[in-house]
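**Q** One structure is given below, represented as structure tokens, and several questions about it will come after.
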Protein chains: 2
Amino acid sequence: MAVQTAARVHPNRASPVKTKGERTRDAILDEALRLVSKAGLDGLTIGTLAEATGMSKSGLFAHFGSRDELLLAVLAHGQAQFGEVVFQPAMAKPRGLPRLRAMFVNWLAWTESAELPGGCPMIGGAAEFDDKPGPVRDMLAGGQRTWIETLKRAVRQAIEERQLAADTDPEQIAFEMFGIALVVHHHRRLLGYRKARERALTALDSLFQRHAVS
Amino acid sequence: MAVQTAARVHPNRASPVKTKGERTRDAILDEALRLVSKAGLDGLTIGTLAEATGMSKSGLFAHFGSRDELLLAVLAHGQAQFGEVVFQPAMAKPRGLPRLRAMFVNWLAWTESAELPGGCPMIGGAAEFDDKPGPVRDMLAGGQRTWIETLKRAVRQAIEERQLAADTDPEQIAFEMFGIALVVHHHRRLLGYRKARERALTALDSLFQRHAVS
DNA sequence: GACAAATACGAACGTTCGTACTATTCTGCG
DNA sequence: CGCAGAATAGTACGAACGTTCGTATTTGTC
């Protein structure tokens with residue numbers, strides 16, 4: 001019943017050589033991510049995206065099969081970029097606090113990235129879809145749960161490295177870090193609050209210091 | 001040019017006796033606030049609101065004159081309720097930390113209120129409109145700035161009462177409190193995180209304790 | 001260079017959006 | 001009660017939405 005619009009010849013082999021369709025699809029998703037950043041997931045429309053990419057509505061549409069599939073593809077694209085920009089560079093840092101801190105700093109930089117003029121699409125999408133059950137919400141929630149687990153793991157390693165006190169609760173740290181990231185996003189975008197980054201680093205350091213080994 | 005659709009006979013006198021139109025207008029706004037909570041400001045549509053209130057689209061529309069005016073009215077309604085539910089009860093508490101803490105606790109209760117099944121409309125609206133300049137964004141930003149100033153004032157009073165250290169930065173405290181409130185909203189709504197309230201109070205207490213007088 | 005498949009286009013669909021007009025019903029005061 | 005004005009309903013509109021379909025163009029392979 002469902003038409004395999006963009007079926008590959010070798011669907012199980014991820015080839016580095018991209019076909020024409022895959023290349024335009026990537027270009028569409030890049031542009032879509034930018035639009036979602038500014039207008040939100042709900043604000044992403046086939047027509048505006050087609051205009052932004054210089055394609056026809058139907059030509060663009062054929063790449064995804066439905067608007068829902070488009071949204072899921074955009075989110076997957078965003079999460080992949082998040083991994084490359086935020087997670088992977090942090091993994092190059094030493095285990096423990098340096099890595100945890102890098103995760104946070106990269107996270108802030110990501111939300112302020114020039115390629116995302118409207119801020120993090122996942123944070124924006126979370127506010128839009130938190131009351132709309134379905135695959136989009138599930139993908140958002142899954143991504144953020146994964147990120148929280150990643151933060152918690154880094155906290156545990158900092159405890160192992162004796163950089164944080166043994167009785168530190170990793171989940172509490174991840175919770176509070178998430179809050180700081182959210183308020184940076186909120187204050188900077190809505191209020192144009194310039195001191196957000198500095199205040200966030202202050203909050204982070206005092207959070208770490210409070211759980212430092214005595 | 002602009003039609004005074006819902007003009008009062010005595011526009012400068014706020015009478016406790018409400019005319020029929022004012023009563024239905026209030027009822028519309030109550031329902032609208034509920035819908036905005038779930039679907040967001042962008043998701044509030046004249047058609048669905050008319051259906052939810054049992055009115056015709058045109059009959060409802062006449063109360064506001066345009067959709068933008070409707071949105072502004074809904075936000076004003078929400079901010080007024082916020083003042084009644086969050087701010088005013090806190091003012092009954094003693095100056096300083098008790099009042100500041102009450103503000104926070106009431107704030108959390110507000111975002112979880114049964115009358116707002118989709119969470120705080122202002123937090124949701126902030127994410128939607130942070131990249132859309134205009135009167136709606138201005139009203140949102142104004143309301144949140146006012147709230148931040150209120151929090152800062154309460155912190156200053158706590159310093160005066162010698163409950164917080166003299167070198168405490170009120171803006172930093174308000175910033176971090178806002179972050180905790182945001183992450184509660186986020187984790188509870190998107191992730192169904194049940195421990196959010198408990199974790200938030202833990203974070204708040206440790207924030208206060210860190211700035212306690214030594 | 002031919003030929004099948006992949007890709008893109010243009011036009012049209014049914015629906016819903018916000019809004020404008022006109023007509024009808026209701027409310028409250030003299 | 002009666003009547004002016006407020007309040008609500010009805011109808012219609014142009015635009016934009018997601019989607020479908022048939023056709024044209026482009027791509028990659030033999």
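A note on labels: chains of the structure tokens are A, B, ... as shown, every chain counts residues from 1, and ligands are counted from 1 in their shown order.
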Residues of chain D that approach range 17-27 of chain B to 12 Å or less, counting only C-alpha atoms (C1' of nucleotides): could you list each one with the shortest pair of atoms and its distance in Å to one decimal, rows by chain and increasing residue number, as a Markdown table?
**A**
```
| residue | atom | partner | partner_atom | distance |
| --- | --- | --- | --- | --- |
| D:DA6 | C1' | B:Gly21 | CA | 7.9 |
| D:DA7 | C1' | B:Gly21 | CA | 6.7 |
| D:DT8 | C1' | B:Gly21 | CA | 10.2 |
```
**Q** Report as CSV: every residue of chain C with an atom at most 9 Å from chain B, its closest pair of atoms, and their distance in Å to one decimal, counting only C-alpha atoms (C1' of nucleotides), with rows sorted by chain and ascending residue number.
**A**
```
residue,atom,partner,partner_atom,distance
C:DT16,C1',B:Gly47,CA,8.7
C:DC17,C1',B:Thr45,CA,8.1
C:DG18,C1',B:Arg67,CA,7.3
C:DT19,C1',B:Ser66,CA,7.9
C:DT27,C1',B:Lys20,CA,7.9
```
**Q** For those residues, write N, CA and C atoms (P, O5', C5', C4', C3', O3' and C1' of nucleotides) to a file as a PDB file, in the first residue's frame.
**A**
```
ATOM      1  P    DT C  16     -11.911  20.253   7.322  1.00  0.00           P
ATOM      2  O5'  DT C  16     -11.050  21.540   7.685  1.00  0.00           O
ATOM      3  C5'  DT C  16      -9.647  21.412   7.874  1.00  0.00           C
ATOM      4  C4'  DT C  16      -9.007  22.789   7.892  1.00  0.00           C
ATOM      5  C3'  DT C  16      -9.743  23.800   8.786  1.00  0.00           C
ATOM      6  O3'  DT C  16      -8.836  24.298   9.759  1.00  0.00           O
ATOM      7  C1'  DT C  16      -9.244  24.722   6.651  1.00  0.00           C
ATOM      8  P    DC C  17      -9.320  25.277  10.935  1.00  0.00           P
ATOM      9  O5'  DC C  17      -8.682  26.673  10.502  1.00  0.00           O
ATOM     10  C5'  DC C  17      -7.264  26.763  10.349  1.00  0.00           C
ATOM     11  C4'  DC C  17      -6.894  27.983   9.536  1.00  0.00           C
ATOM     12  C3'  DC C  17      -7.571  29.263   9.986  1.00  0.00           C
ATOM     13  O3'  DC C  17      -6.842  29.840  11.051  1.00  0.00           O
ATOM     14  C1'  DC C  17      -7.536  29.081   7.595  1.00  0.00           C
ATOM     15  P    DG C  18      -7.612  30.785  12.071  1.00  0.00           P
ATOM     16  O5'  DG C  18      -7.666  32.184  11.306  1.00  0.00           O
ATOM     17  C5'  DG C  18      -6.457  32.772  10.846  1.00  0.00           C
ATOM     18  C4'  DG C  18      -6.770  33.974   9.980  1.00  0.00           C
ATOM     19  C3'  DG C  18      -7.579  35.067  10.691  1.00  0.00           C
ATOM     20  O3'  DG C  18      -7.085  36.343  10.326  1.00  0.00           O
ATOM     21  C1'  DG C  18      -8.765  34.286   8.791  1.00  0.00           C
ATOM     22  P    DT C  19      -7.655  37.637  11.008  1.00  0.00           P
ATOM     23  O5'  DT C  19      -8.823  38.072  10.009  1.00  0.00           O
ATOM     24  C5'  DT C  19      -8.489  38.353   8.657  1.00  0.00           C
ATOM     25  C4'  DT C  19      -9.732  38.587   7.846  1.00  0.00           C
ATOM     26  C3'  DT C  19     -10.688  39.647   8.399  1.00  0.00           C
ATOM     27  O3'  DT C  19     -10.697  40.757   7.507  1.00  0.00           O
ATOM     28  C1'  DT C  19     -11.845  37.736   7.562  1.00  0.00           C
ATOM     29  P    DT C  27     -30.750  36.930  26.016  1.00  0.00           P
ATOM     30  O5'  DT C  27     -30.151  38.301  26.521  1.00  0.00           O
ATOM     31  C5'  DT C  27     -29.653  39.223  25.552  1.00  0.00           C
ATOM     32  C4'  DT C  27     -29.244  40.531  26.209  1.00  0.00           C
ATOM     33  C3'  DT C  27     -29.788  40.760  27.607  1.00  0.00           C
ATOM     34  O3'  DT C  27     -28.842  41.536  28.304  1.00  0.00           O
ATOM     35  C1'  DT C  27     -30.768  42.335  26.113  1.00  0.00           C
TER      36       DT C  27
END
```
**Q** Pick out each residue of range 63-187 of chain B that DSSP on the backbone tags as alpha helix (DSSP H); I need them as a CSV table (one decimal) with N, CA and C atoms, in the first residue's frame.
**A**
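Here's the written file part.csv:
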```csv
chain,number,residue,atom,x,y,z
B,67,ARG,N,-7.5,37.9,14.7
B,67,ARG,CA,-6.9,36.8,15.4
B,67,ARG,C,-5.8,37.3,16.3
B,68,ASP,N,-5.0,38.3,15.8
B,68,ASP,CA,-4.0,38.9,16.7
B,68,ASP,C,-4.5,39.4,18.0
B,69,GLU,N,-5.6,40.2,17.8
B,69,GLU,CA,-6.3,40.7,19.0
B,69,GLU,C,-6.7,39.6,20.0
B,70,LEU,N,-7.2,38.5,19.4
B,70,LEU,CA,-7.6,37.4,20.2
B,70,LEU,C,-6.4,36.9,21.0
B,71,LEU,N,-5.3,36.7,20.3
B,71,LEU,CA,-4.1,36.1,21.0
B,71,LEU,C,-3.6,37.1,22.1
B,72,LEU,N,-3.6,38.4,21.8
B,72,LEU,CA,-3.2,39.3,22.9
B,72,LEU,C,-4.2,39.2,24.1
B,73,ALA,N,-5.5,39.1,23.8
B,73,ALA,CA,-6.5,39.0,24.9
B,73,ALA,C,-6.2,37.7,25.7
B,74,VAL,N,-5.9,36.6,25.0
B,74,VAL,CA,-5.7,35.4,25.7
B,74,VAL,C,-4.5,35.5,26.6
B,75,LEU,N,-3.4,36.1,26.1
B,75,LEU,CA,-2.2,36.3,26.9
B,75,LEU,C,-2.5,37.2,28.1
B,76,ALA,N,-3.2,38.3,27.9
B,76,ALA,CA,-3.5,39.2,29.0
B,76,ALA,C,-4.3,38.4,30.0
B,77,HIS,N,-5.2,37.6,29.6
B,77,HIS,CA,-6.0,36.8,30.5
B,77,HIS,C,-5.1,35.8,31.3
B,78,GLY,N,-4.2,35.2,30.6
B,78,GLY,CA,-3.3,34.2,31.2
B,78,GLY,C,-2.4,34.9,32.2
B,79,GLN,N,-1.9,36.1,31.9
B,79,GLN,CA,-1.0,36.8,32.8
B,79,GLN,C,-1.8,37.3,34.0
B,80,ALA,N,-3.0,37.7,33.8
B,80,ALA,CA,-3.9,38.1,35.0
B,80,ALA,C,-4.1,36.9,35.9
B,81,GLN,N,-4.3,35.8,35.3
B,81,GLN,CA,-4.5,34.6,36.2
B,81,GLN,C,-3.2,34.2,36.9
B,82,PHE,N,-2.1,34.3,36.2
B,82,PHE,CA,-0.8,34.1,36.8
B,82,PHE,C,-0.6,34.9,38.0
B,88,GLN,N,0.1,36.8,43.9
B,88,GLN,CA,-0.7,37.4,45.1
B,88,GLN,C,-0.6,36.5,46.3
B,89,PRO,N,-0.8,35.1,46.2
B,89,PRO,CA,-0.7,34.3,47.4
B,89,PRO,C,0.7,34.4,48.0
B,90,ALA,N,1.7,34.5,47.2
B,90,ALA,CA,3.1,34.6,47.7
B,90,ALA,C,3.3,35.9,48.5
B,91,MET,N,2.6,36.9,48.1
B,91,MET,CA,2.8,38.2,48.8
B,91,MET,C,2.2,38.2,50.2
B,97,LEU,N,13.0,35.0,52.2
B,97,LEU,CA,13.0,33.6,51.6
B,97,LEU,C,11.7,32.9,51.6
B,98,PRO,N,10.9,33.0,52.7
B,98,PRO,CA,9.5,32.4,52.6
B,98,PRO,C,8.7,32.9,51.4
B,99,ARG,N,8.7,34.1,51.1
B,99,ARG,CA,8.0,34.7,50.0
B,99,ARG,C,8.6,34.2,48.7
B,100,LEU,N,9.9,34.2,48.6
B,100,LEU,CA,10.6,33.8,47.4
B,100,LEU,C,10.3,32.3,47.1
B,101,ARG,N,10.4,31.5,48.2
B,101,ARG,CA,10.1,30.1,48.0
B,101,ARG,C,8.6,29.9,47.6
B,102,ALA,N,7.7,30.6,48.2
B,102,ALA,CA,6.3,30.5,47.8
B,102,ALA,C,6.1,30.9,46.3
B,103,MET,N,6.8,31.9,45.9
B,103,MET,CA,6.7,32.2,44.4
B,103,MET,C,7.0,31.0,43.6
B,104,PHE,N,8.1,30.4,44.0
B,104,PHE,CA,8.6,29.2,43.1
B,104,PHE,C,7.6,28.1,43.2
B,105,VAL,N,7.2,27.8,44.4
B,105,VAL,CA,6.3,26.6,44.6
B,105,VAL,C,4.9,26.9,43.9
B,106,ASN,N,4.4,28.1,44.0
B,106,ASN,CA,3.2,28.5,43.3
B,106,ASN,C,3.4,28.4,41.8
B,107,TRP,N,4.5,28.8,41.4
B,107,TRP,CA,4.9,28.8,40.0
B,107,TRP,C,4.8,27.3,39.4
B,108,LEU,N,5.4,26.4,40.1
B,108,LEU,CA,5.3,25.0,39.7
B,108,LEU,C,3.9,24.5,39.7
B,109,ALA,N,3.2,24.9,40.8
B,109,ALA,CA,1.8,24.4,40.8
B,109,ALA,C,1.0,25.0,39.7
B,110,TRP,N,1.3,26.2,39.3
B,110,TRP,CA,0.6,26.8,38.1
B,110,TRP,C,0.8,26.1,36.9
B,111,THR,N,2.1,25.7,36.6
B,111,THR,CA,2.4,25.0,35.4
B,111,THR,C,1.7,23.6,35.4
B,121,PRO,N,0.9,28.5,29.3
B,121,PRO,CA,0.8,29.0,27.9
B,121,PRO,C,1.9,30.1,27.6
B,122,MET,N,2.4,30.7,28.7
B,122,MET,CA,3.4,31.7,28.4
B,122,MET,C,4.7,31.0,28.1
B,123,ILE,N,5.1,30.0,28.8
B,123,ILE,CA,6.3,29.3,28.5
B,123,ILE,C,6.2,28.7,27.1
B,124,GLY,N,5.1,28.1,26.8
B,124,GLY,CA,4.9,27.5,25.5
B,124,GLY,C,4.9,28.6,24.4
B,125,GLY,N,4.2,29.7,24.7
B,125,GLY,CA,4.2,30.8,23.7
B,125,GLY,C,5.6,31.4,23.5
B,126,ALA,N,6.4,31.4,24.5
B,126,ALA,CA,7.8,32.0,24.4
B,126,ALA,C,8.6,31.2,23.4
B,127,ALA,N,8.4,29.8,23.4
B,127,ALA,CA,9.2,29.0,22.4
B,127,ALA,C,8.7,29.3,21.0
B,128,GLU,N,7.4,29.5,20.9
B,128,GLU,CA,6.8,29.7,19.5
B,128,GLU,C,7.1,31.0,18.9
B,129,PHE,N,7.1,32.1,19.8
B,129,PHE,CA,7.2,33.4,19.3
B,129,PHE,C,8.6,34.1,19.5
B,135,PRO,N,3.6,42.4,18.3
B,135,PRO,CA,2.9,42.6,19.6
B,135,PRO,C,2.8,41.4,20.5
B,136,VAL,N,2.6,40.2,19.9
B,136,VAL,CA,2.4,39.0,20.8
B,136,VAL,C,3.7,38.7,21.5
B,137,ARG,N,4.8,38.7,20.7
B,137,ARG,CA,6.1,38.5,21.3
B,137,ARG,C,6.4,39.6,22.4
B,138,ASP,N,6.1,40.8,22.1
B,138,ASP,CA,6.4,41.9,23.0
B,138,ASP,C,5.6,41.7,24.3
B,139,MET,N,4.4,41.3,24.2
B,139,MET,CA,3.6,41.1,25.4
B,139,MET,C,4.2,39.9,26.2
B,140,LEU,N,4.6,38.8,25.6
B,140,LEU,CA,5.2,37.7,26.3
B,140,LEU,C,6.5,38.2,27.0
B,141,ALA,N,7.3,38.8,26.2
B,141,ALA,CA,8.6,39.3,26.8
B,141,ALA,C,8.4,40.2,28.0
B,142,GLY,N,7.4,41.1,27.8
B,142,GLY,CA,7.1,42.1,28.9
B,142,GLY,C,6.7,41.4,30.1
B,143,GLY,N,5.8,40.4,30.0
B,143,GLY,CA,5.3,39.6,31.1
B,143,GLY,C,6.5,38.9,31.9
B,144,GLN,N,7.3,38.3,31.1
B,144,GLN,CA,8.4,37.5,31.7
B,144,GLN,C,9.4,38.4,32.3
B,145,ARG,N,9.7,39.5,31.7
B,145,ARG,CA,10.6,40.5,32.3
B,145,ARG,C,10.1,41.0,33.7
B,146,THR,N,8.8,41.3,33.7
B,146,THR,CA,8.2,41.7,34.9
B,146,THR,C,8.3,40.6,36.0
B,147,TRP,N,8.1,39.4,35.6
B,147,TRP,CA,8.2,38.3,36.6
B,147,TRP,C,9.6,38.1,37.1
B,148,ILE,N,10.6,38.3,36.2
B,148,ILE,CA,12.0,38.2,36.6
B,148,ILE,C,12.3,39.3,37.6
B,149,GLU,N,11.8,40.5,37.3
B,149,GLU,CA,12.1,41.6,38.3
B,149,GLU,C,11.4,41.3,39.6
B,150,THR,N,10.3,40.7,39.6
B,150,THR,CA,9.6,40.4,40.9
B,150,THR,C,10.5,39.4,41.7
B,151,LEU,N,11.0,38.4,41.0
B,151,LEU,CA,11.9,37.4,41.6
B,151,LEU,C,13.1,38.1,42.2
B,152,LYS,N,13.7,39.0,41.4
B,152,LYS,CA,14.9,39.7,41.9
B,152,LYS,C,14.6,40.6,43.1
B,153,ARG,N,13.4,41.2,43.1
B,153,ARG,CA,13.1,42.0,44.3
B,153,ARG,C,12.9,41.2,45.5
B,154,ALA,N,12.3,40.0,45.4
B,154,ALA,CA,12.2,39.1,46.5
B,154,ALA,C,13.6,38.6,47.0
B,155,VAL,N,14.5,38.4,46.1
B,155,VAL,CA,15.9,38.0,46.5
B,155,VAL,C,16.5,39.2,47.3
B,156,ARG,N,16.4,40.4,46.8
B,156,ARG,CA,17.0,41.5,47.5
B,156,ARG,C,16.4,41.6,48.9
B,157,GLN,N,15.1,41.4,49.0
B,157,GLN,CA,14.6,41.5,50.4
B,157,GLN,C,15.1,40.4,51.3
B,158,ALA,N,15.4,39.2,50.7
B,158,ALA,CA,15.9,38.1,51.5
B,158,ALA,C,17.4,38.5,51.9
B,159,ILE,N,18.0,39.2,51.1
B,159,ILE,CA,19.4,39.7,51.5
B,159,ILE,C,19.2,40.7,52.7
B,160,GLU,N,18.3,41.6,52.5
B,160,GLU,CA,18.0,42.6,53.6
B,160,GLU,C,17.7,42.0,54.9
B,170,PRO,N,21.2,39.0,42.9
B,170,PRO,CA,19.8,38.7,42.7
B,170,PRO,C,19.5,38.2,41.3
B,171,GLU,N,20.2,38.8,40.3
B,171,GLU,CA,19.9,38.4,38.9
B,171,GLU,C,20.3,36.9,38.7
B,172,GLN,N,21.4,36.5,39.3
B,172,GLN,CA,21.9,35.2,39.1
B,172,GLN,C,20.9,34.2,39.7
B,173,ILE,N,20.4,34.5,40.9
B,173,ILE,CA,19.4,33.7,41.5
B,173,ILE,C,18.1,33.5,40.7
B,174,ALA,N,17.6,34.7,40.2
B,174,ALA,CA,16.4,34.7,39.4
B,174,ALA,C,16.6,33.8,38.1
B,175,PHE,N,17.8,34.0,37.5
B,175,PHE,CA,18.2,33.2,36.3
B,175,PHE,C,18.1,31.7,36.6
B,176,GLU,N,18.7,31.3,37.7
B,176,GLU,CA,18.8,29.9,37.9
B,176,GLU,C,17.4,29.3,38.3
B,177,MET,N,16.7,30.1,39.0
B,177,MET,CA,15.3,29.7,39.4
B,177,MET,C,14.5,29.5,38.1
B,178,PHE,N,14.6,30.4,37.2
B,178,PHE,CA,13.9,30.3,36.0
B,178,PHE,C,14.2,29.0,35.2
B,179,GLY,N,15.5,28.7,35.3
B,179,GLY,CA,16.0,27.5,34.6
B,179,GLY,C,15.4,26.2,35.2
B,180,ILE,N,15.3,26.2,36.6
B,180,ILE,CA,14.7,25.1,37.2
B,180,ILE,C,13.2,24.9,36.8
B,181,ALA,N,12.5,26.1,36.8
B,181,ALA,CA,11.1,26.0,36.4
B,181,ALA,C,11.0,25.5,35.0
B,182,LEU,N,11.8,25.9,34.1
B,182,LEU,CA,11.7,25.5,32.7
B,182,LEU,C,12.0,24.0,32.6
B,183,VAL,N,13.0,23.5,33.3
B,183,VAL,CA,13.3,22.1,33.1
B,183,VAL,C,12.2,21.2,33.8
B,184,VAL,N,11.5,21.7,34.8
B,184,VAL,CA,10.4,21.0,35.3
B,184,VAL,C,9.3,20.9,34.3
B,185,HIS,N,9.0,22.0,33.7
B,185,HIS,CA,8.0,22.0,32.6
B,185,HIS,C,8.3,21.1,31.5
B,186,HIS,N,9.6,21.2,31.1
B,186,HIS,CA,10.0,20.4,29.9
B,186,HIS,C,10.0,18.9,30.3
B,187,HIS,N,10.6,18.5,31.4
B,187,HIS,CA,10.8,17.1,31.7
B,187,HIS,C,9.4,16.4,32.0
```
**Q** Mind giving me the straight-line distance from CA of Ile28 in chain A to CA of Lys57 in chain A in Å, one decimal?
**A** 11.8 Å
**Q** Between A:Asp205, A:Asp131, A:Glu31, A:Asp169, single out the one closest to chain B, counting only C-alpha atoms.
**A** A:Asp131
